[in-house]
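One file, data13.csv, is given below (CSV, C-alpha atoms).
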```csv
chain,number,residue,atom,x,y,z
A,533,MET,CA,151.6,127.0,133.8
A,534,PRO,CA,151.0,123.3,133.1
A,535,GLY,CA,152.8,121.7,130.2
A,536,GLY,CA,151.8,119.2,127.6
A,537,ILE,CA,152.9,115.6,126.9
A,538,TYR,CA,153.3,114.4,123.4
A,539,VAL,CA,153.8,110.7,122.6
A,540,HIS,CA,154.9,109.7,119.1
A,541,PHE,CA,153.8,106.4,117.6
A,542,PRO,CA,155.8,106.1,114.3
A,543,PHE,CA,153.9,103.1,112.9
A,544,CYS,CA,151.3,103.1,110.1
A,545,PHE,CA,149.3,100.5,108.4
A,546,SER,CA,150.4,102.1,105.1
A,547,LYS,CA,152.4,105.3,104.4
A,548,CYS,CA,150.7,108.1,102.3
A,549,ASP,CA,152.5,109.3,99.2
A,550,TYR,CA,152.8,112.9,100.5
A,551,CYS,CA,154.0,112.0,104.0
A,552,SER,CA,157.5,113.3,104.9
A,553,PHE,CA,157.2,112.7,108.7
A,554,TYR,CA,159.1,109.9,110.4
A,555,SER,CA,156.9,106.8,110.2
A,556,VAL,CA,157.2,103.2,109.1
A,557,SER,CA,154.7,100.7,107.7
A,558,ASN,CA,156.7,97.5,107.9
A,559,ALA,CA,157.0,97.0,111.7
A,560,ASP,CA,156.0,93.6,113.1
A,561,SER,CA,154.5,92.6,116.5
A,562,SER,CA,157.9,92.2,118.1
A,563,ASP,CA,158.9,95.7,117.0
A,564,LEU,CA,155.6,97.1,118.5
A,565,ASN,CA,156.2,95.3,121.8
A,566,ARG,CA,159.8,96.5,122.1
A,567,TYR,CA,158.7,100.0,121.4
A,568,TYR,CA,156.0,99.7,124.0
A,569,GLU,CA,158.5,98.5,126.6
A,570,ALA,CA,160.8,101.4,125.6
A,571,LEU,CA,158.0,103.9,126.1
A,572,LEU,CA,157.4,102.6,129.6
A,573,ARG,CA,161.0,103.2,130.4
A,574,ASP,CA,160.9,106.6,128.8
A,575,ILE,CA,157.9,107.6,130.9
A,576,GLU,CA,159.5,106.4,134.1
A,577,TYR,CA,162.7,108.2,133.5
A,578,SER,CA,161.0,111.5,132.3
A,579,ALA,CA,158.6,111.4,135.3
A,580,SER,CA,161.5,111.2,137.7
A,581,LEU,CA,163.0,114.3,136.1
A,582,TYR,CA,159.8,116.4,136.2
A,583,SER,CA,158.1,115.1,139.4
A,584,GLY,CA,157.3,118.7,140.4
A,585,LYS,CA,155.8,119.7,137.1
A,586,SER,CA,152.1,119.4,136.2
A,587,PHE,CA,150.6,118.8,132.7
A,588,ASP,CA,147.1,119.4,131.4
A,589,THR,CA,147.3,118.0,127.8
A,590,VAL,CA,148.3,114.6,126.5
A,591,TYR,CA,148.6,114.0,122.8
A,592,PHE,CA,149.1,110.6,121.1
A,593,GLY,CA,150.3,111.3,117.5
A,594,GLY,CA,152.0,109.5,114.7
A,595,GLY,CA,152.0,107.7,112.5
A,596,THR,CA,148.9,106.0,113.5
A,597,PRO,CA,148.7,105.4,117.3
A,598,LEU,CA,145.9,102.8,116.9
A,599,SER,CA,148.4,100.6,114.9
A,600,MET,CA,149.8,99.7,118.4
A,601,GLY,CA,146.4,98.3,119.3
A,602,ILE,CA,143.9,99.6,121.9
A,603,ALA,CA,145.3,97.3,124.7
A,604,LEU,CA,148.8,98.7,124.5
A,605,LEU,CA,147.6,102.3,124.2
A,606,LYS,CA,145.6,101.8,127.4
A,607,LYS,CA,148.7,100.6,129.2
A,608,ILE,CA,150.7,103.5,128.0
A,609,SER,CA,148.0,105.9,129.0
A,610,ASP,CA,147.7,104.3,132.4
A,611,LYS,CA,151.4,104.6,132.9
A,612,ILE,CA,151.4,108.3,132.0
A,613,PHE,CA,148.5,109.2,134.3
A,614,SER,CA,150.1,107.2,137.2
A,615,SER,CA,153.6,108.7,136.6
A,616,PHE,CA,152.9,112.4,135.9
A,617,ARG,CA,150.8,114.9,137.7
A,618,ILE,CA,147.9,115.4,135.2
A,619,GLU,CA,145.6,118.3,136.0
A,620,SER,CA,141.9,117.8,136.3
A,621,GLY,CA,140.0,119.0,133.2
A,622,TYR,CA,142.8,117.8,131.0
A,623,GLU,CA,142.7,117.4,127.2
A,624,PHE,CA,143.7,114.0,125.9
A,625,THR,CA,143.9,113.7,122.1
A,626,VAL,CA,144.5,110.6,120.0
A,627,GLU,CA,145.1,110.9,116.2
A,628,CYS,CA,143.1,108.4,114.2
A,629,ASN,CA,142.8,107.3,110.5
A,630,PRO,CA,139.2,106.8,109.3
A,631,SER,CA,140.3,103.7,107.3
A,632,SER,CA,141.4,101.9,110.5
A,633,THR,CA,139.1,103.3,113.2
A,634,SER,CA,135.6,102.4,114.4
A,635,ILE,CA,133.0,103.8,116.8
A,636,ASP,CA,133.9,100.9,119.1
A,637,ASP,CA,137.5,102.2,119.1
A,638,PHE,CA,136.3,105.6,120.1
A,639,LYS,CA,134.3,104.1,123.0
A,640,MET,CA,137.4,102.2,124.2
A,641,LEU,CA,139.5,105.3,123.9
A,642,PHE,CA,137.0,107.2,126.0
A,643,ASP,CA,136.9,104.5,128.6
A,644,PHE,CA,140.6,105.0,129.4
A,645,GLY,CA,140.5,108.8,129.5
A,646,CYS,CA,140.7,110.1,125.9
A,647,SER,CA,138.6,113.3,125.5
A,648,ARG,CA,139.4,114.2,121.9
A,649,VAL,CA,140.3,112.6,118.6
A,650,SER,CA,141.9,114.1,115.6
A,651,VAL,CA,140.7,112.3,112.5
A,652,GLY,CA,142.8,112.4,109.4
A,653,VAL,CA,140.0,112.7,106.8
A,654,GLN,CA,142.2,114.6,104.2
A,655,SER,CA,139.4,114.3,101.6
A,656,LEU,CA,136.0,112.8,101.0
A,657,ASP,CA,136.7,112.7,97.3
A,658,GLU,CA,137.8,109.3,95.9
A,659,LYS,CA,140.0,110.9,93.2
A,660,ILE,CA,141.9,113.0,95.7
A,661,ASN,CA,142.5,110.0,98.0
A,662,LYS,CA,143.9,108.0,95.0
A,663,PHE,CA,146.2,110.9,94.0
A,664,LEU,CA,147.5,111.2,97.6
A,665,GLY,CA,148.1,107.4,97.9
A,666,ARG,CA,145.4,107.0,100.6
A,667,LYS,CA,142.9,104.3,101.2
A,668,TYR,CA,139.5,105.6,100.3
A,669,VAL,CA,136.8,105.5,102.9
A,670,PRO,CA,133.1,106.2,101.8
A,671,PRO,CA,131.8,109.5,103.1
A,672,ASP,CA,129.0,107.9,105.1
A,673,ASN,CA,131.6,105.9,107.1
A,674,VAL,CA,133.6,109.1,107.9
A,675,ILE,CA,130.4,111.0,108.8
A,676,LYS,CA,129.5,108.3,111.2
A,677,LEU,CA,132.8,108.6,113.0
A,678,LEU,CA,132.6,112.4,113.1
A,679,ASN,CA,129.1,112.3,114.6
A,680,CYS,CA,130.4,110.5,117.7
A,681,SER,CA,129.1,112.4,120.7
A,682,ILE,CA,131.3,111.0,123.5
A,683,LEU,CA,134.5,112.7,122.3
A,684,ASP,CA,135.5,116.2,121.0
A,685,ILE,CA,136.1,115.8,117.3
A,686,SER,CA,138.8,117.4,115.1
A,687,ALA,CA,139.0,116.7,111.4
A,688,ASP,CA,142.0,117.2,109.1
A,689,ILE,CA,141.7,117.9,105.4
A,690,ILE,CA,144.1,118.7,102.6
A,691,ALA,CA,143.4,121.5,100.1
A,692,GLY,CA,145.1,122.7,97.0
A,693,VAL,CA,145.7,119.3,95.3
A,694,SER,CA,146.7,120.4,91.8
A,695,ASN,CA,144.3,118.4,89.6
A,696,ILE,CA,141.2,118.9,91.7
A,697,ASP,CA,139.2,122.1,91.7
A,698,ARG,CA,138.1,124.1,94.7
A,699,GLU,CA,134.5,122.8,94.7
A,700,SER,CA,135.6,119.4,95.9
A,701,VAL,CA,137.3,120.9,98.9
A,702,LEU,CA,134.4,123.2,99.7
A,703,SER,CA,132.0,120.2,99.4
A,704,SER,CA,134.1,118.3,101.9
A,705,ILE,CA,133.9,121.3,104.3
A,706,ASP,CA,130.2,121.6,103.9
A,707,ILE,CA,129.8,117.9,104.8
A,708,LEU,CA,132.2,118.1,107.8
A,709,SER,CA,130.5,121.2,109.2
A,710,GLU,CA,127.3,119.3,109.5
A,711,THR,CA,128.9,116.8,111.9
A,712,ASN,CA,130.1,117.0,115.4
A,713,ALA,CA,133.6,118.1,114.3
A,714,ASP,CA,134.0,121.4,116.1
A,715,HIS,CA,137.6,121.7,115.0
A,716,ILE,CA,138.9,121.5,111.4
A,717,SER,CA,142.5,121.7,110.3
A,718,VAL,CA,143.1,122.6,106.7
A,719,TYR,CA,146.6,121.9,105.3
A,720,MET,CA,147.5,123.1,101.9
A,721,LEU,CA,149.2,120.3,100.0
A,722,SER,CA,153.0,120.5,100.4
A,723,VAL,CA,155.0,118.3,98.1
A,724,GLU,CA,158.2,117.3,99.9
A,725,GLU,CA,161.3,116.0,98.1
A,726,GLY,CA,161.8,112.3,98.8
A,727,THR,CA,158.2,111.4,98.9
A,728,PRO,CA,156.5,109.3,96.2
A,729,LEU,CA,154.2,112.2,95.3
A,730,TYR,CA,157.2,114.5,94.6
A,731,SER,CA,158.3,112.3,91.7
A,732,ARG,CA,155.1,112.8,89.8
A,733,PHE,CA,154.4,116.4,90.6
A,734,THR,CA,155.3,119.7,88.9
A,735,ASP,CA,155.0,122.9,90.8
A,736,SER,CA,154.5,126.3,89.2
A,737,ASP,CA,153.6,129.9,90.0
A,738,LYS,CA,150.2,129.2,88.6
A,739,TYR,CA,149.7,126.4,91.1
A,740,ASP,CA,150.8,128.8,94.0
A,741,LEU,CA,148.1,131.2,92.9
A,742,GLU,CA,145.5,128.4,92.7
A,743,GLN,CA,146.4,127.4,96.2
A,744,LYS,CA,145.9,130.9,97.5
A,745,ASN,CA,142.6,131.2,95.8
A,746,ILE,CA,141.4,127.8,97.2
A,747,PHE,CA,142.6,128.7,100.7
A,748,GLN,CA,140.7,132.0,100.6
A,749,SER,CA,137.6,130.1,99.6
A,750,VAL,CA,138.2,127.7,102.5
A,751,ILE,CA,138.5,130.6,105.0
A,752,ASN,CA,135.3,132.2,103.7
A,753,ARG,CA,133.3,129.0,103.8
A,754,LEU,CA,134.4,128.0,107.3
A,755,LYS,CA,133.7,131.5,108.6
A,756,ASP,CA,130.2,131.1,107.1
A,757,LYS,CA,129.9,127.9,109.0
A,758,SER,CA,130.8,129.6,112.3
A,759,TYR,CA,134.4,128.3,112.6
A,760,ALA,CA,136.8,130.9,114.0
A,761,HIS,CA,140.1,131.1,112.1
A,762,TYR,CA,142.5,131.1,115.1
A,763,GLU,CA,145.7,129.8,113.6
A,764,VAL,CA,146.9,129.7,110.0
A,765,SER,CA,145.7,126.1,109.4
A,766,ASN,CA,143.2,125.7,112.2
A,767,PHE,CA,139.6,126.6,112.7
A,768,ALA,CA,137.3,126.0,115.7
A,769,ARG,CA,133.7,126.6,116.6
A,770,ASN,CA,132.3,126.7,120.2
A,771,GLY,CA,135.7,127.6,121.5
A,772,LYS,CA,137.1,124.1,120.8
A,773,VAL,CA,140.7,125.1,120.0
A,774,SER,CA,143.4,122.5,120.3
A,775,ARG,CA,144.8,123.2,123.8
A,776,HIS,CA,147.8,121.0,123.2
A,777,ASN,CA,148.8,122.6,119.9
A,778,MET,CA,148.4,126.0,121.5
A,779,LYS,CA,151.4,125.2,123.7
A,780,TYR,CA,153.6,125.0,120.6
A,781,TRP,CA,152.5,128.4,119.4
A,782,THR,CA,152.5,130.3,122.7
A,783,TRP,CA,155.9,129.3,124.1
A,784,GLN,CA,154.6,126.9,126.7
A,785,ASP,CA,156.4,123.7,127.9
A,786,TYR,CA,155.8,120.3,126.3
A,787,LEU,CA,157.5,117.0,126.9
A,788,GLY,CA,158.0,114.6,124.0
A,789,LEU,CA,158.1,110.8,124.5
A,790,GLY,CA,158.9,108.3,121.8
A,791,ALA,CA,161.1,108.2,118.7
A,792,ALA,CA,161.4,111.5,116.8
A,793,SER,CA,159.5,113.4,119.6
A,794,HIS,CA,160.5,116.9,120.5
A,795,SER,CA,160.5,118.6,123.9
A,796,PHE,CA,160.7,122.2,125.0
A,797,ILE,CA,160.9,122.8,128.8
A,798,ASP,CA,162.3,125.9,130.6
A,799,GLY,CA,163.5,127.4,127.4
A,800,ARG,CA,165.6,124.4,126.3
A,801,ARG,CA,164.9,122.1,123.3
A,802,TRP,CA,165.8,118.5,122.6
A,803,HIS,CA,164.5,115.6,120.6
A,804,LYS,CA,164.8,111.8,120.5
A,805,GLU,CA,166.3,109.8,117.6
A,806,ASP,CA,164.2,109.4,114.5
A,807,ASP,CA,164.7,105.7,114.4
A,808,PHE,CA,162.4,103.5,116.5
A,809,ARG,CA,164.9,100.7,116.8
A,810,SER,CA,167.6,102.9,118.1
A,811,TYR,CA,165.1,104.6,120.4
A,812,SER,CA,163.9,101.3,121.7
A,813,LEU,CA,167.5,100.4,122.8
A,814,ASN,CA,168.0,103.6,124.7
A,815,PRO,CA,164.8,105.6,125.1
A,816,SER,CA,166.4,108.1,127.6
A,817,ASN,CA,168.9,109.3,125.0
A,818,VAL,CA,168.2,112.9,123.8
A,819,ILE,CA,169.8,115.2,121.3
A,820,TYR,CA,169.9,118.8,122.5
A,821,ASP,CA,169.1,121.7,120.2
A,822,GLU,CA,171.4,124.4,121.3
A,823,ARG,CA,170.6,127.8,119.8
A,824,SER,CA,171.4,131.4,120.4
A,825,ALA,CA,169.2,133.8,122.3
A,826,ALA,CA,168.5,135.7,119.1
A,827,SER,CA,167.4,132.5,117.4
A,828,ALA,CA,165.0,131.8,120.2
A,829,VAL,CA,163.5,135.2,119.7
A,830,ALA,CA,163.0,134.5,116.0
A,831,GLU,CA,161.3,131.2,116.8
A,832,TYR,CA,158.9,133.0,119.2
A,833,ILE,CA,158.0,135.4,116.4
A,834,MET,CA,157.6,132.6,113.8
A,835,THR,CA,155.2,130.6,116.0
A,836,GLY,CA,153.3,133.5,117.5
A,837,LEU,CA,152.5,135.2,114.3
A,838,ARG,CA,150.8,132.0,113.1
A,839,LEU,CA,148.0,132.9,115.5
A,840,ALA,CA,145.2,135.3,114.7
A,841,ASP,CA,145.8,136.9,118.2
A,842,GLY,CA,149.4,137.5,117.3
A,843,ILE,CA,152.1,138.2,119.9
A,844,SER,CA,152.5,140.7,122.7
A,845,ILE,CA,155.7,142.8,122.4
A,846,ASP,CA,155.6,143.4,126.2
A,847,ASN,CA,155.5,139.7,126.8
A,848,MET,CA,158.3,139.1,124.4
A,849,LYS,CA,160.4,141.7,126.2
A,850,ARG,CA,159.6,140.0,129.5
A,851,ILE,CA,160.8,136.6,128.2
A,852,PHE,CA,163.9,137.7,126.2
A,853,GLY,CA,164.9,141.1,127.5
A,854,GLU,CA,168.1,142.3,126.0
A,855,ALA,CA,168.3,139.4,123.5
A,856,ILE,CA,165.9,141.4,121.3
A,857,PRO,CA,168.1,143.7,119.2
A,858,PRO,CA,167.1,147.3,118.4
A,859,SER,CA,167.0,146.4,114.7
A,860,PHE,CA,163.9,144.2,115.3
A,861,PHE,CA,161.9,147.2,116.6
A,862,GLU,CA,163.0,149.2,113.6
A,863,ARG,CA,161.7,146.5,111.3
A,864,LEU,CA,158.6,146.2,113.3
A,865,ARG,CA,157.8,149.9,112.8
A,866,SER,CA,158.5,149.6,109.1
A,867,ALA,CA,156.3,146.5,108.8
A,868,ALA,CA,153.4,148.3,110.5
A,869,ASP,CA,153.8,151.4,108.4
A,870,SER,CA,153.7,149.4,105.2
A,871,GLY,CA,150.7,147.3,106.3
A,872,ARG,CA,152.6,144.0,106.6
A,873,ILE,CA,151.3,143.7,110.2
A,874,GLU,CA,148.7,145.5,112.3
A,875,ILE,CA,149.0,146.7,115.8
A,876,LYS,CA,146.2,145.5,118.1
A,877,SER,CA,145.4,146.5,121.7
A,878,GLY,CA,148.5,148.6,122.1
A,879,ASP,CA,151.4,146.2,122.1
A,880,VAL,CA,150.0,143.2,120.3
A,881,ILE,CA,151.0,142.6,116.7
A,882,SER,CA,149.2,140.4,114.2
A,883,ALA,CA,150.0,139.4,110.6
A,884,PHE,CA,146.6,138.0,109.8
A,885,ASN,CA,145.7,141.1,107.9
A,886,ASN,CA,148.2,139.9,105.2
A,887,ILE,CA,148.1,136.2,105.8
A,888,TYR,CA,149.3,135.2,102.3
A,889,PHE,CA,152.5,137.2,102.9
A,890,LEU,CA,153.0,135.7,106.4
A,891,ASN,CA,156.2,133.9,105.5
A,892,ASP,CA,157.7,137.0,103.9
A,893,THR,CA,156.7,139.1,106.9
A,894,ILE,CA,158.2,136.6,109.3
A,895,TYR,CA,161.4,136.5,107.3
A,896,TYR,CA,161.6,140.3,107.2
A,897,LEU,CA,161.2,140.5,110.9
A,898,THR,CA,163.6,137.7,111.8
A,899,GLU,CA,166.3,137.6,109.2
A,900,ASN,CA,168.8,139.5,111.4
A,901,LEU,CA,168.0,137.1,114.3
A,902,ILE,CA,168.6,133.7,112.7
```

Before we go any further, please render this structure as structure tokens.
Amino acid sequence: MPGGIYVHFPFCFSKCDYCSFYSVSNADSSDLNRYYEALLRDIEYSASLYSGKSFDTVYFGGGTPLSMGIALLKKISDKIFSSFRIESGYEFTVECNPSSTSIDDFKMLFDFGCSRVSVGVQSLDEKINKFLGRKYVPPDNVIKLLNCSILDISADIIAGVSNIDRESVLSSIDILSETNADHISVYMLSVEEGTPLYSRFTDSDKYDLEQKNIFQSVINRLKDKSYAHYEVSNFARNGKVSRHNMKYWTWQDYLGLGAASHSFIDGRRWHKEDDFRSYSLNPSNVIYDERSAASAVAEYIMTGLRLADGISIDNMKRIFGEAIPPSFFERLRSAADSGRIEIKSGDVISAFNNIYFLNDTIYYLTENLI
């Protein structure tokens, strides 16, 4: 089965207050050029290792890939397509920020092979953007981007911001659903320690309940708008699921390039250093993530149960065999009897019937494996 290629661009024009991912906003042109040269070396080295492997998705993520400039992105794309075996009918996604992207950018991305953009809208409400530390973009400008017809469009939004009611989120969804965005990702606000937002935020059980209520409203509204809820945070209409991200959730191979990127090939995991300067000095250096067979089983369950389709027990047995302990099947039967999960089509289990208890269910099924 073809794998996916992920390229990480850790540069942003500015860093949002809630962001806990590795990204920097103070890089200069010399930093960008050194990173570009390092990526070319990374591509060449990785292509030599996987010359016999094919890929059918490419994903430029960040950070903000466009902070590198269109010219460098094109050169990186050209290098990937000339170095790796990319299947016809590929999906090529580039993440974009509406405050620094234009229709002309979309046209240039399309010209060098991009087929899909993921636009970090987050909110169409000026108050929410201010709370999140984001630059506000007027809704009309965002709508213009999302109505682009030459690329498949995905839009990200954040829900569950504490001081904004559900109607603002639902209003954003109503507007987005009238555009060409056939894919919408909805992320409940997660306040991570160490971010600027954390220092001015107080969590509570009441807030957790508010988030659940808001998310249920989001699910209902998107369903009414003909978006299928195929993964915990992802909705698609017209079958426009994220093919690249599906690789993460279905135990498929993916190759990471760039600082802080992660790879999973032939059952083995590794990542690159989360410092772009160190990476630029030695882009072929990797840090292996060695884990037990039981831990791998746990990860398969954790990712697979995020999908509405769930996981196939027969497929899991085929992959892991004796690494699956009898205690897992005992807990599986108990979870089904108590309604934590449902059995679909014989051997397929899904936890979408109790989605708000998904984390508890996953922990119950995997605690003896980790």

Give me the residues within 8 Å of region 762-765 of chain A as an MDAnalysis selection string, counting all atoms listed in the file and dropping any in the same chain fewer than 3 places off. chainID A and resid 717:719 768 773 838:841 887

Write out as a PyMOL selection string the residues lying within 6 Å of region 582-592 of chain A, counting all atoms listed in the file and excluding same-chain residues fewer than 3 positions away. chain A and resi 534-539+579+617-619+622-626+776

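Each of A:Glu569, A:Glu576, A:Asp657, A:Glu899 was checked against Ile833 (chain A) using all atoms listed in the file; the smallest atom-to-atom distance is that of A:Glu899.
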
Hey, could you make a per-residue contact list for region 721-839 of chain A against region 707-710 of chain A with 12 Å as the cut-off, showing the nearest pair of atoms and its distance in Å to one decimal, counting only C-alpha atoms, sorted by chain and number, as CSV?
```
residue,atom,partner,partner_atom,distance
A:Arg753,CA,A:Ser709,CA,9.9
A:Leu754,CA,A:Ser709,CA,8.1
A:Lys755,CA,A:Ser709,CA,10.8
A:Asp756,CA,A:Ser709,CA,10.1
A:Lys757,CA,A:Ser709,CA,6.7
A:Ser758,CA,A:Ser709,CA,9.0
A:Tyr759,CA,A:Ser709,CA,8.8
A:Phe767,CA,A:Ser709,CA,11.1
A:Ala768,CA,A:Ser709,CA,10.6
A:Arg769,CA,A:Ser709,CA,9.7
```

Please measure the separation of CA of Phe796 (chain A) and CA of Gln784 (chain A), giving the value in Å to one decimal. 7.9 Å

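Non-sequential neighbours of region 850-852 of chain A (distance at most 12 Å, separation of 6 or more positions within a chain, all atoms listed in the file) are Thr782, Trp783, Gln784, Asp798, Gly799, Ser824, Ala825, Ala826, Ser827, Ala828, Val829, Ala830, Glu831, Tyr832, Ile833 and Ser844 of chain A.
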
Minimum-distance residue to Ser580 (chain A), chosen among A:Ser816, A:Phe642, A:Leu837, A:Asn770 (using only C-alpha atoms): A:Ser816

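The two atoms in question, CA of Ala603 (chain A) and CA of Leu564 (chain A), are spaced 12.0 Å apart.
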
Quick one: of A:Cys544, A:Ile797, A:Val750, A:Ala570, who's nearest to Val556 (chain A), counting all atoms listed in the file? A:Cys544

Residue neighbourhood Leu604 (chain A), 12 Å, only C-alpha atoms, exclusion window fewer than 4 positions, as a VMD selection string: chain A and resid 541 561 564 to 569 571 to 572 597 to 600 608 to 611 640 to 641 644

For the residues in the current selection, export C-alpha atoms as a CSV table (one decimal), keeping the file's coordinate frame.
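Output contents, as saved in result04.csv:
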```csv
chain,number,residue,atom,x,y,z
A,541,PHE,CA,153.8,106.4,117.6
A,561,SER,CA,154.5,92.6,116.5
A,564,LEU,CA,155.6,97.1,118.5
A,565,ASN,CA,156.2,95.3,121.8
A,566,ARG,CA,159.8,96.5,122.1
A,567,TYR,CA,158.7,100.0,121.4
A,568,TYR,CA,156.0,99.7,124.0
A,569,GLU,CA,158.5,98.5,126.6
A,571,LEU,CA,158.0,103.9,126.1
A,572,LEU,CA,157.4,102.6,129.6
A,597,PRO,CA,148.7,105.4,117.3
A,598,LEU,CA,145.9,102.8,116.9
A,599,SER,CA,148.4,100.6,114.9
A,600,MET,CA,149.8,99.7,118.4
A,608,ILE,CA,150.7,103.5,128.0
A,609,SER,CA,148.0,105.9,129.0
A,610,ASP,CA,147.7,104.3,132.4
A,611,LYS,CA,151.4,104.6,132.9
A,640,MET,CA,137.4,102.2,124.2
A,641,LEU,CA,139.5,105.3,123.9
A,644,PHE,CA,140.6,105.0,129.4
```

With the input short on atoms, add N, CA and C atoms back to region 584-602 of chain A and write it as a tab-separated table (two decimals), in the frame of the given file.
```tsv
chain	number	residue	atom	x	y	z
A	584	GLY	N	157.99	117.47	139.86
A	584	GLY	CA	157.30	118.70	140.40
A	584	GLY	C	156.52	119.44	139.41
A	585	LYS	N	156.44	118.94	138.18
A	585	LYS	CA	155.80	119.70	137.10
A	585	LYS	C	154.38	119.08	136.85
A	586	SER	N	153.43	119.91	136.54
A	586	SER	CA	152.10	119.40	136.20
A	586	SER	C	151.86	119.58	134.68
A	587	PHE	N	150.93	118.79	134.16
A	587	PHE	CA	150.60	118.80	132.70
A	587	PHE	C	149.06	118.79	132.62
A	588	ASP	N	148.55	119.42	131.57
A	588	ASP	CA	147.10	119.40	131.40
A	588	ASP	C	146.67	119.04	129.98
A	589	THR	N	147.63	118.64	129.14
A	589	THR	CA	147.30	118.00	127.80
A	589	THR	C	148.15	116.84	127.58
A	590	VAL	N	147.56	115.84	126.95
A	590	VAL	CA	148.30	114.60	126.50
A	590	VAL	C	147.89	114.42	125.05
A	591	TYR	N	148.86	114.13	124.21
A	591	TYR	CA	148.60	114.00	122.80
A	591	TYR	C	149.29	112.75	122.25
A	592	PHE	N	148.53	111.79	121.73
A	592	PHE	CA	149.10	110.60	121.10
A	592	PHE	C	149.06	110.85	119.58
A	593	GLY	N	150.26	111.02	118.97
A	593	GLY	CA	150.30	111.30	117.50
A	593	GLY	C	151.17	110.30	116.80
A	594	GLY	N	151.26	110.48	115.51
A	594	GLY	CA	152.00	109.50	114.70
A	594	GLY	C	152.28	110.04	113.31
A	595	GLY	N	152.50	109.06	112.40
A	595	GLY	CA	152.00	107.70	112.50
A	595	GLY	C	150.55	107.53	112.75
A	596	THR	N	150.22	106.32	113.15
A	596	THR	CA	148.90	106.00	113.50
A	596	THR	C	148.90	105.27	114.85
A	597	PRO	N	148.59	106.00	115.94
A	597	PRO	CA	148.70	105.40	117.30
A	597	PRO	C	147.91	104.08	117.40
A	598	LEU	N	146.74	103.98	116.74
A	598	LEU	CA	145.90	102.80	116.90
A	598	LEU	C	146.60	101.55	116.24
A	599	SER	N	147.68	101.76	115.46
A	599	SER	CA	148.40	100.60	114.90
A	599	SER	C	149.06	99.81	116.05
A	600	MET	N	149.23	100.43	117.22
A	600	MET	CA	149.80	99.70	118.40
A	600	MET	C	148.73	98.79	119.01
A	601	GLY	N	147.46	99.04	118.71
A	601	GLY	CA	146.40	98.30	119.30
A	601	GLY	C	145.88	98.99	120.58
A	602	ILE	N	144.57	98.90	120.82
A	602	ILE	CA	143.90	99.60	121.90
A	602	ILE	C	144.53	99.14	123.28
```
